[in-house]
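Written out below as structure tokens is the structure these notes cover.
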4 protein chains.
Amino acid sequence: MTMIKGGIIVTSSGTFTGDIRIKEGKIFKIGRNLSAGEEKVIDAEGRYVLPGGVDVHTHMDLDVGIARAVDDFYTGTVAAACGGTTTIVDHMAFGPKGCPLGHQVEEYHRLADGKAVVDYGFHGVMQHIDENTFSEMEELFQEGITSFKGYLTYDYKLDDAQIYELMRKMKELGGMPAFHAENHDVITFLRKQFVEQGKTQPMYHAKSRPAEMEAEAVARLLKIAHYAGDAPVYIVHLSTESGLQEIREARARGQKNIYVETCPQYLVFDESMYLREDALKYIMSPPLRKETDEKALWEGLARDEIQVVGTDHCPFHYAVEKQKGKDDFTACPNGAPGVEERMRVLYSEGVAKERISLSQFVKVTAENPAKAYGLYPKKGVIQPGADADLILFNPMETEVLTKKNMRSAVDYTLYEGMQVQGRIEKVLLRGNVIVEENEFIGEKGQGEFLVRGKSR
Amino acid sequence: MTMIKGGIIVTSSGTFTGDIRIKEGKIFKIGRNLSAGEEKVIDAEGRYVLPGGVDVHTHMDLDVGIARAVDDFYTGTVAAACGGTTTIVDHMAFGPKGCPLGHQVEEYHRLADGKAVVDYGFHGVMQHIDENTFSEMEELFQEGITSFKGYLTYDYKLDDAQIYELMRKMKELGGMPAFHAENHDVITFLRKQFVEQGKTQPMYHAKSRPAEMEAEAVARLLKIAHYAGDAPVYIVHLSTESGLQEIREARARGQKNIYVETCPQYLVFDESMYLREDALKYIMSPPLRKETDEKALWEGLARDEIQVVGTDHCPFHYAVEKQKGKDDFTACPNGAPGVEERMRVLYSEGVAKERISLSQFVKVTAENPAKAYGLYPKKGVIQPGADADLILFNPMETEVLTKKNMRSAVDYTLYEGMQVQGRIEKVLLRGNVIVEENEFIGEKGQGEFLVRGKSR
Amino acid sequence: MTMIKGGIIVTSSGTFTGDIRIKEGKIFKIGRNLSAGEEKVIDAEGRYVLPGGVDVHTHMDLDVGIARAVDDFYTGTVAAACGGTTTIVDHMAFGPKGCPLGHQVEEYHRLADGKAVVDYGFHGVMQHIDENTFSEMEELFQEGITSFKGYLTYDYKLDDAQIYELMRKMKELGGMPAFHAENHDVITFLRKQFVEQGKTQPMYHAKSRPAEMEAEAVARLLKIAHYAGDAPVYIVHLSTESGLQEIREARARGQKNIYVETCPQYLVFDESMYLREDALKYIMSPPLRKETDEKALWEGLARDEIQVVGTDHCPFHYAVEKQKGKDDFTACPNGAPGVEERMRVLYSEGVAKERISLSQFVKVTAENPAKAYGLYPKKGVIQPGADADLILFNPMETEVLTKKNMRSAVDYTLYEGMQVQGRIEKVLLRGNVIVEENEFIGEKGQGEFLVRGKSR
Amino acid sequence: MTMIKGGIIVTSSGTFTGDIRIKEGKIFKIGRNLSAGEEKVIDAEGRYVLPGGVDVHTHMDLDVGIARAVDDFYTGTVAAACGGTTTIVDHMAFGPKGCPLGHQVEEYHRLADGKAVVDYGFHGVMQHIDENTFSEMEELFQEGITSFKGYLTYDYKLDDAQIYELMRKMKELGGMPAFHAENHDVITFLRKQFVEQGKTQPMYHAKSRPAEMEAEAVARLLKIAHYAGDAPVYIVHLSTESGLQEIREARARGQKNIYVETCPQYLVFDESMYLREDALKYIMSPPLRKETDEKALWEGLARDEIQVVGTDHCPFHYAVEKQKGKDDFTACPNGAPGVEERMRVLYSEGVAKERISLSQFVKVTAENPAKAYGLYPKKGVIQPGADADLILFNPMETEVLTKKNMRSAVDYTLYEGMQVQGRIEKVLLRGNVIVEENEFIGEKGQGEFLVRGKSR
């Protein structure tokens, strides 16, 4: 038994000072001046006690064809843990036609089990849909895989009818369909055209993926979801004001069940990064946008229009894989690390700069993603019965983010040199301290697979 | 010490099953399977444990000139308690020019102290503003009176410059300015015109106060608040879709710090009530509106556009005072009872009919009003350190609302004969059971005056 | 030389009483009390003198694979003329890949030249786009074919990149890209699903083409056009409120160069027609919608949000071709006649019922389509120098629309039995009276091919 | 008889080349290559032939209490004529209570008759409303005074009930109620406060009249008009984006009959002018605003959201009357000249800079104001039967605006030194050339009083 003593406990309503008694990995009691028994006492005075981060958008050990993400489930989750994230839901891409979905689940268990150091779940990533898909999906639901993602771009994109079918199935089952929203045809055309014109510098990565083509895909998803009876629809990594505007308009027209995620990189950087010498680090899809987009996304968070901040953590070495794009952005693997930086960057740029409240921080980093993906109230909330996944956070200190203090296997951080307000002092997973002053002190494989339920 | 055992605890995030230990009137611990000591145990299995209701819009013992509200602070708060409301903030109208504000505070303490059976605070109601007003207001702030209301209609209405000054002062102090939003000139004209035309039936009460004249006043308040630097503005008893539309548009333009209240009567009844034989019961301002307005207000609650459900409890006997309006609606005292019915009606019509979630119910009846008016986290929330104001609510039972089972001194209920889902089994105020199966078992005068703080 | 004497001349600004002198087929003078010379005088007292109708959406002699439209350029244009339409722009579908565009132009000249009795132009209908398309398009521009249409549904639909390229090319050239806006994938899926489920009655035609799937396609077009630098985009036969809403929102965001067309059938009928015994008559795409859509489209016209009323005239015999759909709506050729009814139905339902003004009538039936498609100021306006295409219209009389008085080769009218306000007394084409009291008195082949210019 | 030969005639639809024959002061014929008879021929080749300007917002000879406008009906209308304006509607303020409206009409005829050199009408300006007002108004209607204006600010402001009554009366009669929209209370408070604080520099004129206080008053007017059954409402000199936004939202909600006017000064200047040494020249109400407001107003014109450009011509000598405000902006008479500059500034800044089209220019300077105020089709349009009020305008030349070339009696122009594109070569009033190359060649008193009809 452990007791967290005298911390400032942060919930989605506000804060209060109190103690938390942990028993068998769960929050057992929350109270004032609880009498300490024999248990281990952690003094939290002056610290925020936050729910452990829930990052529902990671790509560990992912093979993208031209490269493989350099974090496996061990290094990636150590990074997560050190960054205050105690739960991830990773993207598990299903194999080619004919390959049963269950096969990939087994494969992902092989990749993650015994390695992950935070708790983890898997999203199913639909790269095709055939006549067996939906029955297989029902089986996976039983195994706790209750969210499925589709792409609107890339070769393995779903067509609009498949999107519709997936939404309907998720509505029926109570699951969550998630989508990468960019228009395929126009982007493909622009990429080809730029290459033909010799416009292969990193900035053309951004230019080949216009904001309007995100907004288009968002609008399309929303219309299809509306036709599917206001089926749930979760839009991953929203990056543009114009996409957000479509969401506002749909909600103003009365559409329900729209969930929106953005990522720290879209809140903090703009496309001028593509003019830097190390621009390849920032090649990701969607690309970095304009300052006006950053501002709009912050407003979206502040107005509760965006529910989740994920990372799209998908790291490639700058010195190795990213260099494939040296002469041609289309050859550069898309993706960047972020699982380790998310909580700190969002706290510092968001809460400390008074763009969002502390309660909103807790909602978008933990409570909302847990709810959206069937993890609540086991994860994402500080209340009796929940897993004792907690962060002790000192808001008074500052820290400089730098690769040399980071745990991800990748060779860079997007935020090199950024001074952040606040410091993670301790991270607890199911009651055990697994991170102490930026040092991982847990055990390989301690992470448990999460059998997820319905969305709420 | 008391323990509430095994209830379904409802927060603004969701629900969980747990126990609550109460010590010295406050929530001391919340946990799972807490070991009961010597304390009194209340079995809450299968019951919702809700935060006690916070009704921030009551008019106890109010003299409106042509009549006096028939509930004093004793009968009115007994009614509140039996209806699950453990905190009220009552409207204390300041006297004529020259009369210092402090005088009325003393008067209200005389009216309430020793009588009230739930905790209570006072809003200051500005019927004029002069050169001393704002310095006196600062003194009242010290005494815990941190919200001030103005009318945009009635003889004692504030003009637009006074509204502006009040908003600025409240912004400076961290208080909350509240407003009754209806256009004075046009309504006065229409009332006079109808009377001249012999149109004095109750329906003309509604027709003399058009929806557009609420929307106009709302728009005016919002513009003035925006000019005052997005000063806070709290709109009491919003009753129309067109008023809500103004609020939506202001928020869409980026305006912050807008708080909106509606009341159960505007959610449940429409103006056809003014054609009933007992129409005088429903004479209140603003009047009942159209079905489309009801629908819009429910949507406003569901979309978090409306933050608070208050009552505007202002009861007059149907058989006595209300009969003054028999031949002329303008002679009828405006107002109706509601403090006893609010929680049950809103639960039944809102939660049970799936128009709002249980979390939203808790927010609009307790958490949000407590936050808006400087009572949070003492009131409005179930967390350690908060006052143990709790309701044990059985959602499985039903009840028929009828005057003969009610405690208000008034001789009718608006909801006579309405069957509601759910039943209040127990109400606790600061840890003490004060209502048991619809019987008030507390003591006269047990209510404490609330020294309120800043809004949040 | 001819003079129209004493008519009420209708322009897009208003009306005035005056005389029109015609010389060499053109309007030579407009004035008050012009002295009649030796010319023929037509007394127009008490008549509206309207610009001849411009119908920019017809399908004469069209082969849709499963059937051929039963009006050729002779019968179809006689019908047009009798209905007050003196200009059509017909849809000329280009052949398969490899077939040069010019080939089809020759083919269409063969179909139309020497037959048409009103003036005519051709839209190019892109059923594919390849590397030669745009250079061929430039050649066609020289020949006066300056608008090109793409479908977003059907097998020959364009993909989003082709849409983008077409818009850009049109922007560059000053031409007009037009689009049939419906989502292909979802509609195809629904049609297939309904057939599999045995849901083959006409109502399923409507259900397989949901309103949201029009709105989706509209939104997509608008986003692509916006990305193409606010390229012009012309949406044919808009049928839904939700589609119109997308257009409103885009314009509210500042997007320019959006042109919208609807058709009389979408203004007058709703989907309940699909429950009638003769439902097959009304099988067209998009399908008839709901009453709320009709209402919204009328508002769109009244607020200048919709610029054009075309017909999508594409007639099939009810007794013959339409019967293919008897057992399965998917086998029924899509389309219905309308070129003969447009002006009368729109006047009667629109102007006479005070939904739109007389000036708006003139704009949407003549001036705006002429401007959009490079025919202005030769067509669509009453001013010196314009072709003397005129209608003498008696607003005081009424008429019953019935097939037996109509000229189209098809065996039915959608409006059988409808009493319309107003009667076309005379129609002039380039100064010659070609219709007199509903009798065509012109000559076969008198219509001239229109070498169109840039849009404005 | 006169003929304008070969000009580019501009209408609200577009342009065409043609000749105009004038007979008895009216347009008699418009045509191509009209044979010239014995009449005087004016060669207009390469010139735009524009309808003479209609300025519906002037204050000639106005006594504002602290000063009198320095243009009487002679100098003011000579200025108008030289600026291409051939019609004005001047603001005739009614006298104190008890003074019949008719009295002031006589007074204004005394001021204008025999002096004015362009045609003129009078708006009635309501400074109070009593029981006789509306019956007197009906009499004035018979005399052709069919529009009445109210102020929402200043001591003689109308209250909201009077606004409502005025709107209803105008709706009944077919007249036009016009309003100066600014919030009285807050502005009065701010002015007083600034003076007390010693903030009396010109910039505080702008700061005392915040944009939100215009938007508030606009919103209030729109709500009252909506309640009055979408009564017509004409908002004079709109100056802010936020006011325009209210109008957009009202129209989006379906409200009809909203007319909006702005003035060139609000399109061209911003509040930084109040920092200039000659800032007093720019003291007017509403004040100059921000660049974003200018931009929004241009967009409003381009999107047909603003119907009219007037001037609010109200000139005071900078060297004399304006100097009263030297030490205190509140002592400075409000107003500035503009009747002479309007057409040139709007053409140059609007049409030549491609912010609005030539057709829009004609609409906002002539056709729309004529329609709004019952002057159409006598004024504001080039068509047979209309008065031959015409401008020959050479778009190829440029000119520098400077006081020394101007005719107004006032000692300055707001636009000193501005180079404008285009030059007015001739101005015709009812067929007579009254201005030739910037020289007035007409006769004093040639202007006729305009008996106006209903709005349309």
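If you're wondering about the labels, chains in the structure tokens are A, B, ... by order shown, residues count from 1 in each chain, ligands from 1 in order shown.
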
Counting only C-alpha atoms, a student should be able to say which residues of chain B come within 8 Å of chain A; what is the right answer, written as number ranges by chain? B: 12-13, 16-18, 27-34, 377, 383-385

Among region 76-229 of chain D, which residues does DSSP mark as alpha helix (DSSP H) when it is run on the backbone? Keep the chain and numbering as in the structure and answer as a PyMOL selection string. chain D and resi 76-82+101-112+133-142+160-173+184-196+203-207+211-227

For region 270-279 of chain C, find every residue with an atom within 6 Å (counting only C-alpha atoms), except residues of its own chain fewer than 6 positions away, and show them as a PyMOL selection string. chain C and resi 202-203+288-291

Give me the residues within 10 Å of Leu244 (chain C) as a count of residues only, counting only C-alpha atoms and dropping any in the same chain fewer than 2 places off. 21

At a cut-off of 12 Å, using only C-alpha atoms, what residues contact Leu140 (chain D)? Leave out same-chain residues fewer than 6 positions from it and give the result as a PyMOL selection string. chain D and resi 100-106+121-124+133-134+146-148+173+175+451-453

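Pairwise distance (CA of Tyr282 (chain C), CA of His128 (chain C)) equals 28.7 Å.
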
Enumerate as JSON, numbers by chain all residues of region 288-320 of chain A assigned to strand (DSSP E or B) by DSSP on the backbone, naming them with the chain letters and numbers the document uses. {"A": [289, 308, 309, 313]}

Just the selected residues (all heavy atoms), exported as a short mmCIF file (atom, residue, chain, number, x, y, z; two decimals), in the first residue's frame, please.
```
data_model
loop_
_atom_site.label_atom_id
_atom_site.label_comp_id
_atom_site.auth_asym_id
_atom_site.auth_seq_id
_atom_site.Cartn_x
_atom_site.Cartn_y
_atom_site.Cartn_z
N ARG A 289 1.68 23.54 -40.23
CA ARG A 289 0.83 24.50 -40.96
C ARG A 289 1.26 25.93 -40.69
O ARG A 289 2.41 26.19 -40.43
CB ARG A 289 -0.63 24.29 -40.53
CG ARG A 289 -1.11 22.85 -40.68
CD ARG A 289 -1.23 22.45 -42.13
NE ARG A 289 -1.88 21.16 -42.29
CZ ARG A 289 -2.20 20.66 -43.47
NH1 ARG A 289 -1.90 21.27 -44.59
NH2 ARG A 289 -2.81 19.48 -43.56
N VAL A 308 -8.92 15.78 -27.61
CA VAL A 308 -7.77 14.95 -27.29
C VAL A 308 -6.49 15.56 -27.87
O VAL A 308 -6.50 16.10 -28.97
CB VAL A 308 -7.97 13.52 -27.88
CG1 VAL A 308 -6.71 12.67 -27.70
CG2 VAL A 308 -9.18 12.84 -27.25
N VAL A 309 -5.41 15.46 -27.09
CA VAL A 309 -4.08 15.72 -27.65
C VAL A 309 -3.30 14.40 -27.63
O VAL A 309 -3.00 13.87 -26.56
CB VAL A 309 -3.33 16.81 -26.86
CG1 VAL A 309 -1.91 16.97 -27.40
CG2 VAL A 309 -4.08 18.14 -26.96
N HIS A 313 3.23 9.55 -32.42
CA HIS A 313 4.64 9.17 -32.23
C HIS A 313 5.06 8.12 -33.25
O HIS A 313 4.56 6.99 -33.23
CB HIS A 313 4.80 8.63 -30.80
CG HIS A 313 6.20 8.20 -30.45
ND1 HIS A 313 7.17 9.08 -30.05
CD2 HIS A 313 6.78 6.97 -30.41
CE1 HIS A 313 8.30 8.43 -29.78
NE2 HIS A 313 8.08 7.13 -30.00
#
```

Would you mind listing what lies within 6 Å of region 330-341 of chain B as a JSON list (two decimals) with all heavy atoms, in the first residue's frame, with only C-alpha atoms counted and same-chain residues fewer than 5 positions away left out?
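Written file, selection_6.json:
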```json
[["chain", "number", "residue", "atom", "x", "y", "z"],
["B", 79, "ALA", "N", -38.63, 23.62, 1.76],
["B", 79, "ALA", "CA", -39.02, 23.16, 0.42],
["B", 79, "ALA", "C", -37.78, 22.80, -0.40],
["B", 79, "ALA", "O", -37.71, 21.74, -1.02],
["B", 79, "ALA", "CB", -39.83, 24.24, -0.30],
["B", 80, "ALA", "N", -36.80, 23.68, -0.38],
["B", 80, "ALA", "CA", -35.55, 23.43, -1.10],
["B", 80, "ALA", "C", -34.96, 22.10, -0.66],
["B", 80, "ALA", "O", -34.62, 21.24, -1.49],
["B", 80, "ALA", "CB", -34.56, 24.57, -0.86],
["B", 83, "GLY", "N", -36.53, 19.08, -1.81],
["B", 83, "GLY", "CA", -36.31, 18.91, -3.25],
["B", 83, "GLY", "C", -34.86, 18.62, -3.60],
["B", 83, "GLY", "O", -34.51, 18.59, -4.78],
["B", 283, "ILE", "N", -47.99, 33.03, -14.66],
["B", 283, "ILE", "CA", -47.56, 34.40, -14.95],
["B", 283, "ILE", "C", -46.20, 34.63, -14.29],
["B", 283, "ILE", "O", -46.10, 34.68, -13.07],
["B", 283, "ILE", "CB", -48.58, 35.43, -14.43],
["B", 283, "ILE", "CG1", -49.94, 35.25, -15.10],
["B", 283, "ILE", "CG2", -48.04, 36.86, -14.56],
["B", 283, "ILE", "CD1", -50.21, 36.09, -16.32],
["B", 284, "MET", "N", -45.21, 34.76, -15.12],
["B", 284, "MET", "CA", -43.85, 35.01, -14.64],
["B", 284, "MET", "C", -43.12, 35.72, -15.77],
["B", 284, "MET", "O", -43.59, 35.75, -16.91],
["B", 284, "MET", "CB", -43.15, 33.69, -14.33],
["B", 284, "MET", "CG", -43.05, 32.80, -15.56],
["B", 284, "MET", "SD", -42.40, 31.15, -15.24],
["B", 284, "MET", "CE", -43.79, 30.34, -14.51],
["B", 311, "THR", "N", -34.13, 28.40, -10.51],
["B", 311, "THR", "CA", -35.59, 28.28, -10.46],
["B", 311, "THR", "C", -36.33, 29.60, -10.60],
["B", 311, "THR", "O", -37.45, 29.62, -11.06],
["B", 311, "THR", "CB", -36.06, 27.67, -9.12],
["B", 311, "THR", "OG1", -35.68, 28.56, -8.06],
["B", 311, "THR", "CG2", -35.50, 26.30, -8.92],
["B", 313, "HIS", "N", -37.49, 30.93, -8.09],
["B", 313, "HIS", "CA", -38.54, 30.64, -7.11],
["B", 313, "HIS", "C", -39.07, 31.93, -6.48],
["B", 313, "HIS", "O", -38.35, 32.63, -5.78],
["B", 313, "HIS", "CB", -37.95, 29.73, -6.03],
["B", 313, "HIS", "CG", -38.93, 29.34, -4.95],
["B", 313, "HIS", "ND1", -39.84, 28.32, -5.11],
["B", 313, "HIS", "CD2", -39.12, 29.81, -3.68],
["B", 313, "HIS", "CE1", -40.56, 28.19, -4.01],
["B", 313, "HIS", "NE2", -40.14, 29.08, -3.12],
["B", 314, "CYS", "N", -40.32, 32.23, -6.74],
["B", 314, "CYS", "CA", -40.92, 33.46, -6.24],
["B", 314, "CYS", "C", -42.42, 33.22, -6.12],
["B", 314, "CYS", "O", -43.21, 33.58, -7.00],
["B", 314, "CYS", "CB", -40.61, 34.60, -7.23],
["B", 314, "CYS", "SG", -41.04, 36.23, -6.58],
["B", 315, "PRO", "N", -42.83, 32.58, -5.04],
["B", 315, "PRO", "CA", -44.19, 32.02, -4.97],
["B", 315, "PRO", "C", -45.23, 33.01, -4.43],
["B", 315, "PRO", "O", -44.99, 33.74, -3.48],
["B", 315, "PRO", "CB", -44.00, 30.87, -3.98],
["B", 315, "PRO", "CG", -42.89, 31.32, -3.09],
["B", 315, "PRO", "CD", -42.02, 32.25, -3.88],
["B", 322, "LYS", "N", -52.23, 35.87, -6.68],
["B", 322, "LYS", "CA", -52.32, 35.68, -8.12],
["B", 322, "LYS", "C", -53.66, 36.16, -8.67],
["B", 322, "LYS", "O", -53.76, 36.57, -9.83],
["B", 322, "LYS", "CB", -52.12, 34.20, -8.47],
["B", 322, "LYS", "CG", -50.67, 33.74, -8.38],
["B", 322, "LYS", "CD", -49.83, 34.35, -9.50],
["B", 322, "LYS", "CE", -48.50, 33.69, -9.67],
["B", 322, "LYS", "NZ", -47.69, 34.37, -10.71],
["B", 324, "LYS", "N", -55.17, 38.75, -8.15],
["B", 324, "LYS", "CA", -55.15, 40.17, -8.53],
["B", 324, "LYS", "C", -55.11, 40.34, -10.04],
["B", 324, "LYS", "O", -55.49, 41.38, -10.58],
["B", 324, "LYS", "CB", -53.92, 40.86, -7.93],
["B", 324, "LYS", "CG", -53.91, 40.87, -6.42],
["B", 324, "LYS", "CD", -52.77, 41.72, -5.90],
["B", 324, "LYS", "CE", -52.72, 41.61, -4.36],
["B", 324, "LYS", "NZ", -51.93, 42.69, -3.76],
["B", 325, "GLY", "N", -54.61, 39.31, -10.71],
["B", 325, "GLY", "CA", -54.48, 39.41, -12.16],
["B", 325, "GLY", "C", -55.69, 38.86, -12.90],
["B", 325, "GLY", "O", -55.68, 38.76, -14.12]]
```

Atom pair CA of Met406 (chain C) / CA of Arg342 (chain C): separation (Å):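 Computed distance, CA of Met406 (chain C) to CA of Arg342 (chain C), equals 12.6 Å.
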
Interatomic distance between CA of Lys115 (chain B) and CA of Glu24 (chain B)?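 Atom-to-atom, CA of Lys115 (chain B) and CA of Glu24 (chain B) are spaced 22.0 Å apart.
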
List the neighbours of region 52-57 of chain B out to 6 Å using only C-alpha atoms; skip same-chain residues closer than 5 positions along the sequence, and give me the result as a count of residues only. 14
